[in-house]
Amino acid sequence: MSNDTVNRLIEEFAKLPGIGKKSAERLTYHILRVHQAEALALADAIRNVRENVRYCKQCYFLAEEEECAICRDPRRDHGLICVVEQPRDLLALEQSGTYRGLYHVLLGRIAPLEGIGPEQLTIEGLVERVRNGSFREVIMATNPTLEGDGTALYLSNLLADFPVEITRLARGITTGSVLEFANKEILADALAGRQKF
Ligand SMILES: [Zn+2]
């Protein structure tokens with residue numbers, strides 16, 4: 001197809017993770033075929049999420065205000081902080097229904113082979129929170145992978161001099177698996193059985 005406008009959409013779709021040229025074309029033809037309102041709803045949703053959703057300035061979870069709903073919730077235990085890699089890990093722990101503390105989302109993990117160092121994560125913010133806050137426990141809930149474990153170890157060394165207890169989720173979660181795919185019961189057990197780092 002040689003229409004520039006259409007090609008532009010194909011190119012935009014092809015930039016998305018997991019979408020090749022063929023899929024990008026298929027999505028584009030789909031957009032052309034559905035009702036205009038349906039296609040524009042997708043465009044609106046993309047615009048909305050980018051204009052209205054940002055990272056919480058405390059914990060880096062998704063927020064529509066300066067701070068996310070969890071950080072602003074006075075009923076949560078503000079003495080407890082749980083460190084996760086991604087917003088989706090936080091959501092998995094929330095679904096386990098047993099954790100009532102705060103979070104810190106790293107927005108990744110230390111991955112030397114991919115060139116991701118501590119400075120690319122939200123580690124500075126975490127140290128700052130631990131330094132200023134009144135946390136009694138920091139729970140490392142990075143994924144039980146080589147890189148997740150390495151990140152947890154790095155953080156526990158970094159926080160060792162602060163008067164907080166540092167714990168790690170229990171190994172109910174199989175090594176190598178990731179939090180977002182663990183079921184609720186396993187996550188609840190892993191939280192309940194957390195151990196001193
Ligand atoms: Zn927050």
# chains A, B, ... in the order shown; residues from 1 in each chain; ligands from 1
$ residues_near_ligand --ligand "ligand 1" --cutoff "10 Å" --atoms "only C-alpha atoms and all ligand atoms" --output "list in words"
Tyr55, Cys56, Lys57, Gln58, Cys59, Tyr60, Phe61, Leu62, Ala63, Glu65, Glu66, Glu67, Cys68, Ala69, Ile70, Cys71, Arg72, Asp73, Leu102, Tyr103, His104 and Val105 of chain A
$ residues_around --residues "stretch 143-160 of chain A" --least-positions-apart "5" --cutoff "10 Å" --atoms "only C-alpha atoms" --output "MDAnalysis selection string"
chainID A and resid 83:86 89 106 108:113 117:118 123 126:127 130:131 138 165:180 197
$ residues_around --residues "A:Ala14" --least-positions-apart "5" --cutoff "8 Å" --atoms "only C-alpha atoms" --output "PyMOL selection string"
chain A and resi 19-21+23-24
$ write_last_selection --atoms "C-alpha atoms" --output "PDB file, in the first residue's frame"
ATOM      1  CA  ILE A  19       4.490  -6.174  16.807  1.00  0.00           C
ATOM      2  CA  GLY A  20       6.190  -6.954  13.502  1.00  0.00           C
ATOM      3  CA  LYS A  21       5.499  -5.410  10.107  1.00  0.00           C
ATOM      4  CA  SER A  23       0.890  -7.434  12.525  1.00  0.00           C
ATOM      5  CA  ALA A  24       1.234  -3.681  12.142  1.00  0.00           C
TER       6      ALA A  24
END
$ select_by_dssp --residues "chain A" --states "strand (DSSP E)" --output "list of chain:residue names"
A:Arg54, A:Tyr55, A:Leu62, A:Ala63, A:Asp77, A:His78, A:Gly79, A:Leu80, A:Ile81, A:Cys82, A:Val83, A:Val84, A:Gly101, A:Leu102, A:Tyr103, A:His104, A:Val105, A:Glu137, A:Val138, A:Ile139, A:Met140, A:Glu165, A:Ile166, A:Thr167, A:Arg168, A:Gln195, A:Lys196
$ select_by_dssp --residues "chain A" --states "alpha helix (DSSP H)" --output "PDB file with C-alpha atoms, in the first residue's frame"
ATOM      1  CA  ASP A   4       1.467   7.902   3.222  1.00  0.00           C
ATOM      2  CA  THR A   5      -1.132   8.392   5.939  1.00  0.00           C
ATOM      3  CA  VAL A   6      -1.767   4.686   6.168  1.00  0.00           C
ATOM      4  CA  ASN A   7       1.947   3.903   6.090  1.00  0.00           C
ATOM      5  CA  ARG A   8       2.516   6.228   8.978  1.00  0.00           C
ATOM      6  CA  LEU A   9       0.111   4.271  11.183  1.00  0.00           C
ATOM      7  CA  ILE A  10       1.713   0.988  10.118  1.00  0.00           C
ATOM      8  CA  GLU A  11       5.100   2.382  11.119  1.00  0.00           C
ATOM      9  CA  GLU A  12       3.777   3.542  14.502  1.00  0.00           C
ATOM     10  CA  PHE A  13       2.249   0.137  15.267  1.00  0.00           C
ATOM     11  CA  ALA A  14       5.459  -1.600  14.175  1.00  0.00           C
ATOM     12  CA  LYS A  21       5.499  -5.410  10.107  1.00  0.00           C
ATOM     13  CA  LYS A  22       2.786  -7.966   9.266  1.00  0.00           C
ATOM     14  CA  SER A  23       0.890  -7.434  12.525  1.00  0.00           C
ATOM     15  CA  ALA A  24       1.234  -3.681  12.142  1.00  0.00           C
ATOM     16  CA  GLU A  25      -0.430  -3.933   8.740  1.00  0.00           C
ATOM     17  CA  ARG A  26      -3.184  -6.137  10.120  1.00  0.00           C
ATOM     18  CA  LEU A  27      -3.901  -3.684  12.952  1.00  0.00           C
ATOM     19  CA  THR A  28      -3.949  -0.775  10.534  1.00  0.00           C
ATOM     20  CA  TYR A  29      -6.461  -2.467   8.222  1.00  0.00           C
ATOM     21  CA  HIS A  30      -8.530  -3.319  11.282  1.00  0.00           C
ATOM     22  CA  ILE A  31      -8.572   0.351  12.313  1.00  0.00           C
ATOM     23  CA  LEU A  32      -9.693   1.318   8.823  1.00  0.00           C
ATOM     24  CA  ARG A  33     -12.494  -1.233   8.913  1.00  0.00           C
ATOM     25  CA  GLN A  36     -14.853   5.619  13.365  1.00  0.00           C
ATOM     26  CA  ALA A  37     -15.963   5.997  17.004  1.00  0.00           C
ATOM     27  CA  GLU A  38     -14.208   2.769  17.971  1.00  0.00           C
ATOM     28  CA  ALA A  39     -10.971   3.791  16.272  1.00  0.00           C
ATOM     29  CA  LEU A  40     -11.080   7.240  17.864  1.00  0.00           C
ATOM     30  CA  ALA A  41     -11.736   5.705  21.303  1.00  0.00           C
ATOM     31  CA  LEU A  42      -8.359   3.968  21.008  1.00  0.00           C
ATOM     32  CA  ALA A  43      -6.683   7.222  20.011  1.00  0.00           C
ATOM     33  CA  ASP A  44      -8.364   9.010  22.949  1.00  0.00           C
ATOM     34  CA  ALA A  45      -7.303   6.307  25.410  1.00  0.00           C
ATOM     35  CA  ILE A  46      -3.671   6.633  24.310  1.00  0.00           C
ATOM     36  CA  ARG A  47      -3.783  10.429  24.553  1.00  0.00           C
ATOM     37  CA  ASN A  48      -5.495  10.272  27.951  1.00  0.00           C
ATOM     38  CA  VAL A  49      -3.048   7.867  29.511  1.00  0.00           C
ATOM     39  CA  ARG A  50      -0.085   9.931  28.376  1.00  0.00           C
ATOM     40  CA  GLU A  51      -1.570  13.270  29.386  1.00  0.00           C
ATOM     41  CA  ASN A  52      -3.058  12.251  32.727  1.00  0.00           C
ATOM     42  CA  PRO A  87       4.004  -1.427  38.506  1.00  0.00           C
ATOM     43  CA  ARG A  88       2.588  -4.793  37.395  1.00  0.00           C
ATOM     44  CA  ASP A  89       4.435  -6.501  40.298  1.00  0.00           C
ATOM     45  CA  LEU A  90       2.811  -4.064  42.703  1.00  0.00           C
ATOM     46  CA  LEU A  91      -0.583  -4.931  41.225  1.00  0.00           C
ATOM     47  CA  ALA A  92       0.109  -8.656  41.666  1.00  0.00           C
ATOM     48  CA  LEU A  93       0.932  -8.101  45.360  1.00  0.00           C
ATOM     49  CA  GLU A  94      -2.155  -5.926  45.797  1.00  0.00           C
ATOM     50  CA  GLN A  95      -4.259  -8.739  44.387  1.00  0.00           C
ATOM     51  CA  SER A  96      -2.865 -11.116  46.999  1.00  0.00           C
ATOM     52  CA  ILE A 123      17.079   3.790  43.797  1.00  0.00           C
ATOM     53  CA  GLU A 124      18.046   7.316  44.822  1.00  0.00           C
ATOM     54  CA  GLY A 125      14.414   8.013  45.638  1.00  0.00           C
ATOM     55  CA  LEU A 126      14.212   4.847  47.719  1.00  0.00           C
ATOM     56  CA  VAL A 127      17.295   5.718  49.767  1.00  0.00           C
ATOM     57  CA  GLU A 128      15.913   9.202  50.282  1.00  0.00           C
ATOM     58  CA  ARG A 129      12.599   7.801  51.529  1.00  0.00           C
ATOM     59  CA  VAL A 130      14.306   5.412  53.919  1.00  0.00           C
ATOM     60  CA  ARG A 131      16.538   8.219  55.163  1.00  0.00           C
ATOM     61  CA  ASN A 132      13.653  10.635  55.764  1.00  0.00           C
ATOM     62  CA  LEU A 146      19.463 -13.743  38.968  1.00  0.00           C
ATOM     63  CA  GLU A 147      19.016 -10.047  38.270  1.00  0.00           C
ATOM     64  CA  GLY A 148      16.187  -9.574  40.765  1.00  0.00           C
ATOM     65  CA  ASP A 149      18.252 -11.221  43.494  1.00  0.00           C
ATOM     66  CA  GLY A 150      21.293  -9.162  42.528  1.00  0.00           C
ATOM     67  CA  THR A 151      19.233  -5.981  42.736  1.00  0.00           C
ATOM     68  CA  ALA A 152      17.870  -6.945  46.175  1.00  0.00           C
ATOM     69  CA  LEU A 153      21.393  -7.674  47.417  1.00  0.00           C
ATOM     70  CA  TYR A 154      22.649  -4.347  46.083  1.00  0.00           C
ATOM     71  CA  LEU A 155      19.817  -2.493  47.819  1.00  0.00           C
ATOM     72  CA  SER A 156      20.230  -4.317  51.105  1.00  0.00           C
ATOM     73  CA  ASN A 157      23.905  -3.321  51.183  1.00  0.00           C
ATOM     74  CA  LEU A 158      22.969   0.241  50.355  1.00  0.00           C
ATOM     75  CA  LYS A 184      -2.493 -14.891  44.850  1.00  0.00           C
ATOM     76  CA  GLU A 185      -2.041 -17.649  47.427  1.00  0.00           C
ATOM     77  CA  ILE A 186       1.641 -18.131  46.624  1.00  0.00           C
ATOM     78  CA  LEU A 187       2.254 -14.391  46.888  1.00  0.00           C
ATOM     79  CA  ALA A 188       0.370 -14.174  50.182  1.00  0.00           C
ATOM     80  CA  ASP A 189       2.497 -17.060  51.540  1.00  0.00           C
ATOM     81  CA  ALA A 190       5.689 -15.467  50.269  1.00  0.00           C
ATOM     82  CA  LEU A 191       4.780 -12.261  52.098  1.00  0.00           C
ATOM     83  CA  ALA A 192       3.768 -13.983  55.299  1.00  0.00           C
TER      84      ALA A 192
END
